[in-house]
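Raw final-v1.cif, mmCIF, C-alpha atoms:
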data_run
#
loop_
_atom_site.label_atom_id
_atom_site.label_comp_id
_atom_site.auth_asym_id
_atom_site.auth_seq_id
_atom_site.Cartn_x
_atom_site.Cartn_y
_atom_site.Cartn_z
CA MET A 1373 -99.63 16.35 120.53
CA GLY A 1374 -97.01 13.67 121.16
CA ARG A 1375 -96.82 10.44 119.22
CA THR A 1376 -95.28 7.11 120.26
CA LEU A 1377 -93.53 4.54 118.10
CA ALA A 1378 -93.68 0.93 119.31
CA VAL A 1379 -91.26 -1.39 117.51
CA ARG A 1380 -91.57 -5.18 117.18
CA LEU A 1381 -89.63 -6.48 114.18
CA ASP A 1382 -90.57 -10.15 114.44
CA SER A 1383 -93.30 -12.51 113.27
CA ASP A 1384 -97.06 -12.45 113.83
CA GLY A 1385 -96.91 -14.37 117.10
CA ASP A 1386 -94.32 -12.04 118.62
CA VAL A 1387 -96.39 -9.00 117.64
CA LEU A 1388 -99.52 -10.47 119.23
CA LEU A 1389 -97.60 -11.09 122.47
CA THR A 1390 -96.65 -7.40 122.51
CA GLY A 1391 -100.30 -6.33 122.33
CA PRO A 1392 -100.84 -5.74 126.08
CA ALA A 1393 -97.68 -3.59 126.20
CA VAL A 1394 -98.89 -1.52 123.24
CA ARG A 1395 -102.23 -1.00 124.98
CA ALA A 1396 -100.35 0.15 128.09
CA LEU A 1397 -98.43 2.72 126.01
CA ALA A 1398 -101.71 3.97 124.53
CA ARG A 1399 -102.88 4.83 128.06
CA LEU A 1400 -100.29 7.62 128.06
CA GLY A 1401 -102.82 9.45 125.89
CA HIS A 1402 -100.81 9.70 122.67
CA PRO A 1403 -101.39 7.83 119.40
CA VAL A 1404 -99.22 4.70 119.12
CA ASP A 1405 -97.88 3.57 115.76
CA LEU A 1406 -96.27 0.15 115.34
CA LEU A 1407 -93.16 -0.53 113.28
CA ALA A 1408 -93.28 -4.18 112.25
CA SER A 1409 -91.58 -6.54 109.84
CA PRO A 1410 -93.49 -7.64 106.74
CA SER A 1411 -94.14 -10.97 108.50
CA GLY A 1412 -95.62 -9.25 111.55
CA ALA A 1413 -97.54 -6.36 109.99
CA ALA A 1414 -100.82 -8.28 109.60
CA ALA A 1415 -100.85 -9.08 113.31
CA GLY A 1416 -100.07 -5.44 114.05
CA ARG A 1417 -103.18 -4.38 112.17
CA LEU A 1418 -105.20 -6.68 114.42
CA LEU A 1419 -103.95 -5.08 117.64
CA PRO A 1420 -106.29 -2.72 119.50
CA ASP A 1421 -104.92 0.79 120.11
CA VAL A 1422 -102.49 0.76 117.17
CA ALA A 1423 -103.05 3.92 115.12
CA GLU A 1424 -100.93 2.96 112.10
CA VAL A 1425 -98.64 0.09 111.12
CA LEU A 1426 -95.35 0.84 109.39
CA GLU A 1427 -93.23 -1.87 107.77
CA TYR A 1428 -89.48 -2.36 107.64
CA PRO A 1429 -87.63 -5.57 106.63
CA ALA A 1430 -84.95 -5.45 109.32
CA PRO A 1431 -81.75 -7.26 108.36
CA TRP A 1432 -81.08 -8.25 111.99
CA SER A 1433 -84.34 -10.10 112.67
CA GLY A 1434 -86.49 -12.92 111.36
CA PHE A 1435 -86.20 -16.54 110.27
CA ARG A 1436 -84.66 -15.53 106.92
CA PRO A 1437 -83.45 -11.95 107.42
CA PRO A 1438 -83.05 -9.89 104.27
CA PRO A 1439 -79.73 -8.33 103.21
CA VAL A 1440 -78.96 -4.80 104.32
CA ASP A 1441 -80.80 -2.35 102.06
CA ARG A 1442 -79.34 1.13 102.37
CA ASP A 1443 -82.18 2.79 100.46
CA ALA A 1444 -84.90 1.13 102.55
CA THR A 1445 -83.10 2.03 105.77
CA THR A 1446 -82.59 5.64 104.74
CA ALA A 1447 -86.24 5.87 103.71
CA LEU A 1448 -87.31 4.53 107.11
CA VAL A 1449 -85.18 7.08 108.98
CA ASP A 1450 -86.60 9.90 106.85
CA ASP A 1451 -90.18 8.68 107.37
CA LEU A 1452 -89.75 8.42 111.14
CA ALA A 1453 -88.21 11.88 111.25
CA ALA A 1454 -91.10 13.35 109.27
CA ARG A 1455 -93.65 11.84 111.65
CA GLY A 1456 -92.10 13.58 114.65
CA TYR A 1457 -92.18 10.84 117.27
CA ASP A 1458 -91.13 11.92 120.73
CA LEU A 1459 -90.89 8.38 122.17
CA ALA A 1460 -89.74 5.08 120.67
CA VAL A 1461 -90.10 1.83 122.64
CA VAL A 1462 -88.18 -1.08 121.12
CA PHE A 1463 -89.62 -4.47 122.07
CA THR A 1464 -87.34 -7.49 121.71
CA SER A 1465 -87.36 -11.08 122.90
CA PHE A 1466 -84.84 -12.32 125.45
CA HIS A 1467 -82.06 -13.11 122.94
CA GLN A 1468 -82.33 -9.96 120.79
CA SER A 1469 -80.76 -6.51 120.96
CA PRO A 1470 -82.67 -3.21 120.58
CA LEU A 1471 -79.53 -1.30 119.63
CA PRO A 1472 -79.73 -1.44 115.80
CA MET A 1473 -83.24 0.01 115.92
CA ALA A 1474 -82.26 2.47 118.64
CA LEU A 1475 -79.57 3.83 116.33
CA LEU A 1476 -82.12 4.38 113.55
CA ALA A 1477 -84.46 6.07 116.02
CA ARG A 1478 -81.66 8.42 117.05
CA LEU A 1479 -80.87 9.19 113.41
CA ALA A 1480 -84.59 10.02 112.98
CA GLY A 1481 -84.33 12.56 115.80
CA ILE A 1482 -86.56 10.73 118.28
CA ASP A 1483 -85.88 12.36 121.64
CA ARG A 1484 -86.51 9.42 123.96
CA VAL A 1485 -85.68 5.78 123.19
CA VAL A 1486 -86.39 2.85 125.52
CA GLY A 1487 -85.37 -0.80 125.21
CA THR A 1488 -84.10 -3.86 127.05
CA SER A 1489 -80.36 -4.36 126.69
CA GLU A 1490 -77.69 -6.38 128.40
CA ASP A 1491 -75.08 -4.73 126.16
CA TYR A 1492 -73.75 -1.26 126.87
CA PRO A 1493 -75.96 1.09 124.82
CA GLY A 1494 -73.81 4.21 124.83
CA SER A 1495 -76.06 7.15 123.98
CA LEU A 1496 -78.60 5.04 122.05
CA LEU A 1497 -81.01 4.40 124.94
CA ASP A 1498 -82.46 6.88 127.41
CA VAL A 1499 -83.87 4.03 129.48
CA ARG A 1500 -81.85 0.82 129.53
CA HIS A 1501 -84.27 -1.74 130.90
CA ARG A 1502 -83.00 -5.05 132.28
CA ARG A 1503 -85.06 -8.23 132.42
CA ALA A 1504 -85.82 -9.42 135.92
CA ASP A 1505 -85.23 -12.86 137.41
CA PRO A 1506 -85.86 -15.64 136.52
CA PRO A 1507 -83.29 -15.53 133.70
CA GLY A 1508 -85.04 -14.14 130.63
CA GLY A 1509 -87.64 -12.24 132.65
CA GLY A 1510 -90.61 -14.62 132.60
CA HIS A 1511 -93.22 -14.80 129.86
CA GLU A 1512 -92.75 -12.61 126.78
CA VAL A 1513 -96.09 -10.85 127.43
CA GLU A 1514 -95.01 -9.82 130.91
CA ALA A 1515 -91.49 -8.88 129.80
CA ALA A 1516 -92.87 -6.58 127.10
CA VAL A 1517 -95.21 -4.91 129.58
CA GLU A 1518 -92.25 -4.23 131.88
CA VAL A 1519 -90.54 -2.34 129.04
CA ALA A 1520 -93.69 -0.24 128.50
CA VAL A 1521 -93.83 0.53 132.22
CA ALA A 1522 -90.14 1.51 132.15
CA ALA A 1523 -91.07 3.92 129.34
CA GLY A 1524 -93.61 5.59 131.62
CA ALA A 1525 -96.82 3.68 130.87
CA PRO A 1526 -99.15 2.92 133.79
CA ARG A 1527 -98.83 -0.65 135.02
CA PRO A 1528 -101.76 -2.74 133.73
CA ALA A 1529 -103.94 -4.69 136.13
CA PRO A 1530 -103.55 -8.49 135.84
CA GLU A 1531 -106.79 -8.81 133.89
CA GLU A 1532 -105.46 -6.29 131.34
CA LEU A 1533 -102.58 -8.58 130.36
CA ARG A 1534 -104.70 -10.84 128.18
CA LEU A 1535 -104.06 -10.82 124.46
CA ALA A 1536 -106.72 -9.24 122.25
CA VAL A 1537 -107.61 -8.46 118.64
CA ARG A 1538 -109.72 -5.81 116.97
CA ARG A 1539 -113.34 -6.77 116.48
CA PRO A 1540 -115.56 -7.44 114.64
CA LEU A 1541 -113.76 -10.27 112.87
CA PRO A 1542 -114.68 -11.40 109.34
CA SER A 1543 -117.47 -13.91 108.71
CA LEU A 1544 -116.55 -17.58 108.75
CA PRO A 1545 -115.83 -19.27 105.42
CA ALA A 1546 -118.98 -20.98 104.16
CA ALA A 1547 -117.48 -24.47 104.48
CA VAL A 1548 -116.66 -23.85 108.15
CA ALA A 1549 -120.02 -22.24 108.93
CA ALA A 1550 -121.73 -25.30 107.44
CA LEU A 1551 -120.05 -27.73 109.85
CA PRO A 1552 -122.52 -29.34 112.27
CA GLY A 1553 -121.78 -28.25 115.81
CA PRO A 1554 -118.46 -27.25 117.40
CA TYR A 1555 -115.18 -28.04 115.67
CA VAL A 1556 -111.52 -28.42 116.60
CA VAL A 1557 -108.82 -26.58 114.65
CA LEU A 1558 -105.61 -28.48 113.92
CA HIS A 1559 -102.77 -26.25 112.70
CA PRO A 1560 -99.81 -28.51 111.79
CA GLY A 1561 -97.35 -25.94 110.43
CA ALA A 1562 -94.97 -23.44 111.99
CA SER A 1563 -92.79 -20.63 110.68
CA VAL A 1564 -89.84 -22.45 112.27
CA PRO A 1565 -89.82 -26.10 111.09
CA SER A 1566 -88.63 -27.55 114.42
CA ARG A 1567 -91.82 -26.31 116.09
CA GLY A 1568 -94.38 -27.82 113.71
CA LEU A 1569 -95.84 -31.29 113.09
CA THR A 1570 -95.04 -33.74 110.35
CA PRO A 1571 -98.01 -34.44 108.03
CA GLU A 1572 -98.01 -38.10 109.10
CA HIS A 1573 -98.26 -37.19 112.78
CA ALA A 1574 -100.80 -34.43 112.16
CA GLY A 1575 -102.86 -36.81 110.01
CA ALA A 1576 -102.95 -39.38 112.79
CA LEU A 1577 -104.11 -36.69 115.23
CA ALA A 1578 -106.81 -35.50 112.82
CA ALA A 1579 -108.00 -39.08 112.30
CA GLY A 1580 -108.13 -39.69 116.05
CA LEU A 1581 -110.17 -36.56 116.65
CA ALA A 1582 -112.52 -37.29 113.75
CA ASP A 1583 -112.98 -40.90 114.81
CA ALA A 1584 -114.08 -39.61 118.21
CA GLY A 1585 -116.74 -37.51 116.49
CA HIS A 1586 -115.05 -34.12 116.31
CA ALA A 1587 -115.25 -32.04 113.18
CA VAL A 1588 -111.66 -31.01 112.40
CA VAL A 1589 -110.57 -27.91 110.47
CA LEU A 1590 -107.00 -27.98 109.15
CA THR A 1591 -105.49 -24.50 108.88
CA GLY A 1592 -102.27 -23.17 107.40
CA GLY A 1593 -100.76 -20.16 105.75
CA PRO A 1594 -100.43 -19.58 101.99
CA GLY A 1595 -97.20 -21.57 101.89
CA GLU A 1596 -98.67 -24.50 103.81
CA ARG A 1597 -101.25 -25.79 101.35
CA GLY A 1598 -99.04 -28.80 100.62
CA LEU A 1599 -98.70 -29.57 104.34
CA THR A 1600 -102.43 -29.45 105.06
CA ALA A 1601 -103.20 -31.48 101.92
CA ALA A 1602 -100.68 -34.12 103.00
CA THR A 1603 -102.18 -34.05 106.49
CA LEU A 1604 -105.64 -34.69 105.07
CA ASP A 1605 -104.31 -37.58 102.96
CA ALA A 1606 -102.63 -39.05 106.04
CA ALA A 1607 -105.84 -38.71 108.04
CA ARG A 1608 -107.82 -40.55 105.38
CA SER A 1609 -105.31 -43.40 105.31
CA ALA A 1610 -104.81 -43.64 109.07
CA PRO A 1611 -105.72 -46.97 110.70
CA LEU A 1612 -108.66 -45.44 112.54
CA GLY A 1613 -110.11 -44.12 109.31
CA VAL A 1614 -112.47 -41.22 108.77
CA ALA A 1615 -115.91 -42.39 107.76
CA PRO A 1616 -119.55 -41.47 108.52
CA PRO A 1617 -120.86 -40.94 111.11
CA ARG A 1618 -117.43 -39.79 112.29
CA GLY A 1619 -116.44 -36.14 112.27
CA ALA A 1620 -115.51 -34.35 109.07
CA VAL A 1621 -111.96 -33.21 108.29
CA LEU A 1622 -111.92 -29.94 106.33
CA ASP A 1623 -108.75 -28.62 104.67
CA LEU A 1624 -108.67 -24.81 104.96
CA GLY A 1625 -104.91 -24.48 104.41
CA GLY A 1626 -103.95 -21.27 102.59
CA ARG A 1627 -107.55 -20.16 102.24
CA THR A 1628 -107.69 -17.41 104.89
CA ASP A 1629 -105.78 -14.23 105.63
CA LEU A 1630 -104.83 -13.53 109.25
CA PRO A 1631 -108.14 -11.83 110.23
CA GLY A 1632 -110.00 -14.72 108.58
CA LEU A 1633 -107.91 -17.23 110.52
CA ALA A 1634 -108.69 -15.31 113.71
CA ALA A 1635 -112.39 -15.73 112.97
CA VAL A 1636 -111.96 -19.48 112.43
CA LEU A 1637 -110.03 -19.83 115.67
CA ASP A 1638 -112.54 -17.66 117.53
CA ALA A 1639 -115.42 -19.97 116.63
CA ALA A 1640 -113.50 -23.18 117.42
CA ALA A 1641 -114.06 -25.19 120.57
CA CYS A 1642 -110.32 -25.78 120.87
CA VAL A 1643 -107.11 -25.37 118.84
CA VAL A 1644 -104.38 -28.00 118.51
CA VAL A 1645 -101.18 -26.29 117.40
CA GLY A 1646 -97.41 -26.16 117.82
CA ASN A 1647 -95.54 -23.24 119.38
CA THR A 1648 -96.12 -20.81 116.54
CA GLY A 1649 -98.11 -17.67 115.72
CA PRO A 1650 -101.61 -19.23 115.48
CA ALA A 1651 -101.22 -20.51 119.04
CA HIS A 1652 -100.99 -16.88 120.17
CA LEU A 1653 -103.75 -15.84 117.79
CA ALA A 1654 -105.99 -18.47 119.40
CA ALA A 1655 -105.13 -17.02 122.81
CA ALA A 1656 -105.88 -13.53 121.51
CA VAL A 1657 -109.44 -14.55 120.56
CA GLY A 1658 -109.88 -16.47 123.83
CA THR A 1659 -109.94 -20.04 122.50
CA PRO A 1660 -108.38 -22.86 124.60
CA VAL A 1661 -105.18 -24.36 123.21
CA VAL A 1662 -103.70 -27.84 123.15
CA SER A 1663 -100.09 -26.77 122.69
CA LEU A 1664 -97.76 -29.34 121.12
CA PHE A 1665 -94.74 -27.47 122.33
CA SER A 1666 -91.29 -28.22 120.96
CA PRO A 1667 -88.82 -27.39 123.75
CA VAL A 1668 -86.30 -25.66 121.46
CA VAL A 1669 -87.51 -22.53 123.29
CA PRO A 1670 -88.81 -22.50 126.89
CA PRO A 1671 -92.58 -22.72 127.41
CA GLU A 1672 -92.41 -20.45 130.43
CA ARG A 1673 -91.60 -17.67 127.98
CA TRP A 1674 -93.55 -18.67 124.88
CA ALA A 1675 -96.58 -20.83 125.80
CA PRO A 1676 -100.04 -19.48 124.84
CA TYR A 1677 -100.92 -16.82 127.40
CA GLY A 1678 -104.08 -16.08 129.33
CA VAL A 1679 -106.32 -18.94 128.15
CA PRO A 1680 -106.74 -22.55 129.31
CA VAL A 1681 -103.82 -24.54 127.88
CA VAL A 1682 -102.74 -28.16 127.94
CA LEU A 1683 -99.03 -28.33 127.16
CA LEU A 1684 -97.90 -31.54 125.43
CA GLY A 1685 -94.50 -32.68 124.22
CA ASP A 1686 -91.31 -33.98 125.79
CA GLN A 1687 -89.93 -30.90 127.50
CA GLY A 1688 -86.76 -32.79 128.48
CA ALA A 1689 -85.83 -33.74 124.91
CA ASP A 1690 -82.26 -33.36 123.65
CA CYS A 1691 -83.24 -30.25 121.65
CA ARG A 1692 -84.30 -28.42 124.80
CA GLY A 1693 -83.29 -24.75 124.80
CA SER A 1694 -81.33 -25.08 121.56
CA ARG A 1695 -83.43 -22.57 119.55
CA ALA A 1696 -82.86 -24.99 116.65
CA ARG A 1697 -84.71 -24.05 113.48
CA ASP A 1698 -84.67 -27.59 112.13
CA CYS A 1699 -85.20 -30.56 114.41
CA PRO A 1700 -81.75 -31.92 115.37
CA VAL A 1701 -83.14 -35.30 116.47
CA PRO A 1702 -84.28 -37.85 113.83
CA GLY A 1703 -88.03 -38.42 113.85
CA HIS A 1704 -88.89 -35.23 115.77
CA PRO A 1705 -89.62 -37.33 118.88
CA CYS A 1706 -90.41 -34.45 121.25
CA LEU A 1707 -93.71 -34.02 119.37
CA SER A 1708 -94.20 -37.22 117.37
CA SER A 1709 -94.29 -39.18 120.64
CA VAL A 1710 -97.57 -37.44 121.52
CA SER A 1711 -100.30 -39.92 120.64
CA PRO A 1712 -103.76 -39.24 119.20
CA ALA A 1713 -105.23 -40.58 122.44
CA THR A 1714 -103.26 -38.02 124.47
CA VAL A 1715 -104.41 -35.17 122.23
CA LEU A 1716 -107.99 -36.41 122.34
CA ALA A 1717 -107.87 -36.46 126.16
CA ALA A 1718 -106.45 -32.92 126.21
CA VAL A 1719 -109.20 -31.68 123.89
CA ALA A 1720 -111.82 -33.32 126.08
CA GLU A 1721 -110.32 -31.70 129.16
CA LEU A 1722 -110.53 -28.24 127.63
CA THR A 1723 -113.85 -28.54 125.82
CA ASP A 1724 -115.65 -30.21 128.73
CA GLY A 1725 -114.76 -27.32 131.00
CA THR A 1726 -112.69 -29.44 133.37
CA PRO A 1727 -110.38 -27.15 135.39
CA ALA A 1728 -106.78 -27.61 134.29
CA ALA A 1729 -104.39 -28.98 136.91
CA THR A 1730 -100.63 -29.00 136.53
CA VAL A 1731 -99.33 -32.40 135.49
CA THR A 1732 -95.81 -33.46 134.53
CA GLU A 1733 -94.93 -36.40 132.32
CA PRO A 1734 -91.26 -36.11 131.33
CA GLU A 1735 -91.56 -38.70 128.55
CA GLY A 1736 -93.82 -37.20 125.89
CA GLY A 1737 -94.52 -34.66 128.60
CA ARG A 1738 -97.80 -33.12 129.52
CA GLY A 1739 -98.73 -30.10 131.55
CA CYS A 1740 -101.33 -27.38 131.84
CA ALA A 1741 -101.15 -23.64 132.16
CA SER A 1742 -103.45 -20.67 131.89
#

Please express the file's structure as structure tokens.
Amino acid sequence: MGRTLAVRLDSDGDVLLTGPAVRALARLGHPVDLLASPSGAAAGRLLPDVAEVLEYPAPWSGFRPPPVDRDATTALVDDLAARGYDLAVVFTSFHQSPLPMALLARLAGIDRVVGTSEDYPGSLLDVRHRRADPPGGGHEVEAAVEVAVAAGAPRPAPEELRLAVRRPLPSLPAAVAALPGPYVVLHPGASVPSRGLTPEHAGALAAGLADAGHAVVLTGGPGERGLTAATLDAARSAPLGVAPPRGAVLDLGGRTDLPGLAAVLDAAACVVVGNTGPAHLAAAVGTPVVSLFSPVVPPERWAPYGVPVVLLGDQGADCRGSRARDCPVPGHPCLSSVSPATVLAAVAELTDGTPAATVTEPEGGRGCAS
């Protein structure tokens, strides 16, 4: 029986966006394994139709790529060869090359290798896919599905393009389950600093939501405990104040793994988050997103996909399209210009069930998508 290797050597959010393409490959009838980076493996284990997740710290990918490790690379090639894959599909975002991984797949003896490449691939690719117009090939979900189709997978129906996770999810943390009524998640951090919120700004947003009566759950990864703690401090000292009978603000930073975070997002009424992995995790569990989107990358490629979304942030800011990892503009104005009142209105729009309509506000911009 054949076996397929899907490759996505990026972070959790990128892996989640590849989920519909992996499901399409699984419809070929062969088990699909996923080769992921250490930072994306947890998301890979959440994807439906993934048989096994393999890990490799690729030196050509990631926010802080590791040095070349000859032993690890040789071990990967040997492992892939021993597993006997007959198809490898290398998924990359619009600015990446599949060719380093294609070379390793060839060394492992994989007969058929598929990827998207603008560069001449020589004998490394059997199918050299090209992204369609508009430049970049549209949203990353759709671009990944096109690669799977080029590899021979049946084209999914539009309703099959939604993100998804394995269920059942873990139980909610006791402190979250004890909250009275629906809550809003505020996730201030991001794996790339230019795409996250400052604690002062996030604290003001939390205070505004709490003052309006929303219970607010602050979330963050293991390395973001300091950020969520500073956000809570800023919320408590904000001019609006957080006091009974206003909503509670609960700091959950660093206290969940990725499946646990998925459960928290799944039970939320709405998620307020930058353009980072938890935005896509929220979409994968079907929760509406207020996306504070830093325009260092284009939202038409990276906005939360398949759920109601209100997109906030100045999409015409000087950092637009720069892919900057640290904000190049003092004060991070593309996001810090978004007021608590604007976020509160966006949350109300999504939680009240009001149909989203496209709106453009170039200064501190605002728009909706689904």

query = Which is closest to A:Tyr1492 among A:Leu1471, A:Ala1601, A:Leu1448, A:Ala1641, if we use all atoms listed in the file?
reply =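 That would be A:Leu1471, the residue with the smallest distance to A:Tyr1492.
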
message = Running the PyMOL selection byres ((chain A and resi 1408) around 8) on this model by hand, what would come out? Give it as a PyMOL selection string.
response = chain A and resi 1379-1382+1387+1406-1407+1409-1413+1416+1425-1428

Write out as JSON lines the residues of stretch 1476-1558 of chain A that have any atom within 6 Å of an atom of stretch 1668-1686 of chain A, one row each with the nearest atom pair and its distance in Å to one decimal, counting all atoms listed in the file, sorted by chain and then rising number.
{"residue": "A:Gly1510", "atom": "CA", "partner": "A:Arg1673", "partner_atom": "CA", "distance": 5.6}
{"residue": "A:His1511", "atom": "CA", "partner": "A:Arg1673", "partner_atom": "CA", "distance": 3.8}
{"residue": "A:Glu1512", "atom": "CA", "partner": "A:Arg1673", "partner_atom": "CA", "distance": 5.3}
{"residue": "A:Arg1534", "atom": "CA", "partner": "A:Gly1678", "partner_atom": "CA", "distance": 5.4}

ask   = Counting all atoms listed in the file, which residues come within 12 Å of (-113.2, -16.7, 121.7), with the point read in the file's coordinates, and could you list them as a ChimeraX atom specification?
value = /A:1535-1537,1539-1541,1634-1643,1653-1661,1678-1680

Dump of C-alpha atoms for the selected residues, as a CSV table (one decimal), in the frame of the given file:
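Result went into result32.csv, see below:
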chain,number,residue,atom,x,y,z
A,1535,LEU,CA,-104.1,-10.8,124.5
A,1536,ALA,CA,-106.7,-9.2,122.2
A,1537,VAL,CA,-107.6,-8.5,118.6
A,1539,ARG,CA,-113.3,-6.8,116.5
A,1540,PRO,CA,-115.6,-7.4,114.6
A,1541,LEU,CA,-113.8,-10.3,112.9
A,1634,ALA,CA,-108.7,-15.3,113.7
A,1635,ALA,CA,-112.4,-15.7,113.0
A,1636,VAL,CA,-112.0,-19.5,112.4
A,1637,LEU,CA,-110.0,-19.8,115.7
A,1638,ASP,CA,-112.5,-17.7,117.5
A,1639,ALA,CA,-115.4,-20.0,116.6
A,1640,ALA,CA,-113.5,-23.2,117.4
A,1641,ALA,CA,-114.1,-25.2,120.6
A,1642,CYS,CA,-110.3,-25.8,120.9
A,1643,VAL,CA,-107.1,-25.4,118.8
A,1653,LEU,CA,-103.8,-15.8,117.8
A,1654,ALA,CA,-106.0,-18.5,119.4
A,1655,ALA,CA,-105.1,-17.0,122.8
A,1656,ALA,CA,-105.9,-13.5,121.5
A,1657,VAL,CA,-109.4,-14.6,120.6
A,1658,GLY,CA,-109.9,-16.5,123.8
A,1659,THR,CA,-109.9,-20.0,122.5
A,1660,PRO,CA,-108.4,-22.9,124.6
A,1661,VAL,CA,-105.2,-24.4,123.2
A,1678,GLY,CA,-104.1,-16.1,129.3
A,1679,VAL,CA,-106.3,-18.9,128.2
A,1680,PRO,CA,-106.7,-22.6,129.3

task = Quick one: everything within 9 Å of A:Val1564, counting all atoms listed in the file, minus sequence neighbours fewer than 5 positions away in the same chain. Send it as a ChimeraX atom specification.
result = /A:1435,1648,1696-1698

Write out, as a CSV table (one decimal), in the coordinates of the input, the residues just selected, with C-alpha atoms.
chain,number,residue,atom,x,y,z
A,1435,PHE,CA,-86.2,-16.5,110.3
A,1648,THR,CA,-96.1,-20.8,116.5
A,1696,ALA,CA,-82.9,-25.0,116.6
A,1697,ARG,CA,-84.7,-24.0,113.5
A,1698,ASP,CA,-84.7,-27.6,112.1

ask   = At what distance in Å, to one decimal, does atom CA of A:Pro1650 lie from atom CA of A:Glu1518?
value = 24.1 Å

For A:Ala1515, work out the shell of residues within 12 Å, counting only C-alpha atoms and skipping chain neighbours fewer than 3 positions away, then give it as a PDB file with C-alpha atoms, in the frame of the given file.
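New file selection_32.pdb:
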ATOM      1  CA  ASP A1386     -94.320 -12.040 118.620  1.00  0.00           C
ATOM      2  CA  LEU A1389     -97.600 -11.090 122.470  1.00  0.00           C
ATOM      3  CA  THR A1390     -96.650  -7.400 122.510  1.00  0.00           C
ATOM      4  CA  GLY A1391    -100.300  -6.330 122.330  1.00  0.00           C
ATOM      5  CA  PRO A1392    -100.840  -5.740 126.080  1.00  0.00           C
ATOM      6  CA  ALA A1393     -97.680  -3.590 126.200  1.00  0.00           C
ATOM      7  CA  PHE A1463     -89.620  -4.470 122.070  1.00  0.00           C
ATOM      8  CA  THR A1464     -87.340  -7.490 121.710  1.00  0.00           C
ATOM      9  CA  SER A1465     -87.360 -11.080 122.900  1.00  0.00           C
ATOM     10  CA  PHE A1466     -84.840 -12.320 125.450  1.00  0.00           C
ATOM     11  CA  GLY A1487     -85.370  -0.800 125.210  1.00  0.00           C
ATOM     12  CA  THR A1488     -84.100  -3.860 127.050  1.00  0.00           C
ATOM     13  CA  HIS A1501     -84.270  -1.740 130.900  1.00  0.00           C
ATOM     14  CA  ARG A1502     -83.000  -5.050 132.280  1.00  0.00           C
ATOM     15  CA  ARG A1503     -85.060  -8.230 132.420  1.00  0.00           C
ATOM     16  CA  ALA A1504     -85.820  -9.420 135.920  1.00  0.00           C
ATOM     17  CA  ASP A1505     -85.230 -12.860 137.410  1.00  0.00           C
ATOM     18  CA  PRO A1506     -85.860 -15.640 136.520  1.00  0.00           C
ATOM     19  CA  PRO A1507     -83.290 -15.530 133.700  1.00  0.00           C
ATOM     20  CA  GLY A1508     -85.040 -14.140 130.630  1.00  0.00           C
ATOM     21  CA  GLY A1509     -87.640 -12.240 132.650  1.00  0.00           C
ATOM     22  CA  GLY A1510     -90.610 -14.620 132.600  1.00  0.00           C
ATOM     23  CA  HIS A1511     -93.220 -14.800 129.860  1.00  0.00           C
ATOM     24  CA  GLU A1512     -92.750 -12.610 126.780  1.00  0.00           C
ATOM     25  CA  GLU A1518     -92.250  -4.230 131.880  1.00  0.00           C
ATOM     26  CA  VAL A1519     -90.540  -2.340 129.040  1.00  0.00           C
ATOM     27  CA  ALA A1520     -93.690  -0.240 128.500  1.00  0.00           C
ATOM     28  CA  VAL A1521     -93.830   0.530 132.220  1.00  0.00           C
ATOM     29  CA  ALA A1522     -90.140   1.510 132.150  1.00  0.00           C
ATOM     30  CA  LEU A1533    -102.580  -8.580 130.360  1.00  0.00           C
ATOM     31  CA  GLU A1672     -92.410 -20.450 130.430  1.00  0.00           C
ATOM     32  CA  ARG A1673     -91.600 -17.670 127.980  1.00  0.00           C
ATOM     33  CA  TRP A1674     -93.550 -18.670 124.880  1.00  0.00           C
TER      34      TRP A1674
END

Given the PyMOL selection byres ((chain A and resi 1528) around 12), the residues it picks as a PDB file with C-alpha atoms, in the coordinates of the input:
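Now in out19.pdb:
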ATOM      1  CA  PRO A1392    -100.840  -5.740 126.080  1.00  0.00           C
ATOM      2  CA  ALA A1393     -97.680  -3.590 126.200  1.00  0.00           C
ATOM      3  CA  VAL A1394     -98.890  -1.520 123.240  1.00  0.00           C
ATOM      4  CA  ARG A1395    -102.230  -1.000 124.980  1.00  0.00           C
ATOM      5  CA  ALA A1396    -100.350   0.150 128.090  1.00  0.00           C
ATOM      6  CA  LEU A1397     -98.430   2.720 126.010  1.00  0.00           C
ATOM      7  CA  ALA A1398    -101.710   3.970 124.530  1.00  0.00           C
ATOM      8  CA  ARG A1399    -102.880   4.830 128.060  1.00  0.00           C
ATOM      9  CA  LEU A1400    -100.290   7.620 128.060  1.00  0.00           C
ATOM     10  CA  VAL A1513     -96.090 -10.850 127.430  1.00  0.00           C
ATOM     11  CA  GLU A1514     -95.010  -9.820 130.910  1.00  0.00           C
ATOM     12  CA  ALA A1516     -92.870  -6.580 127.100  1.00  0.00           C
ATOM     13  CA  VAL A1517     -95.210  -4.910 129.580  1.00  0.00           C
ATOM     14  CA  GLU A1518     -92.250  -4.230 131.880  1.00  0.00           C
ATOM     15  CA  ALA A1520     -93.690  -0.240 128.500  1.00  0.00           C
ATOM     16  CA  VAL A1521     -93.830   0.530 132.220  1.00  0.00           C
ATOM     17  CA  GLY A1524     -93.610   5.590 131.620  1.00  0.00           C
ATOM     18  CA  ALA A1525     -96.820   3.680 130.870  1.00  0.00           C
ATOM     19  CA  PRO A1526     -99.150   2.920 133.790  1.00  0.00           C
ATOM     20  CA  ARG A1527     -98.830  -0.650 135.020  1.00  0.00           C
ATOM     21  CA  ALA A1529    -103.940  -4.690 136.130  1.00  0.00           C
ATOM     22  CA  PRO A1530    -103.550  -8.490 135.840  1.00  0.00           C
ATOM     23  CA  GLU A1531    -106.790  -8.810 133.890  1.00  0.00           C
ATOM     24  CA  GLU A1532    -105.460  -6.290 131.340  1.00  0.00           C
ATOM     25  CA  LEU A1533    -102.580  -8.580 130.360  1.00  0.00           C
ATOM     26  CA  ARG A1534    -104.700 -10.840 128.180  1.00  0.00           C
TER      27      ARG A1534
END
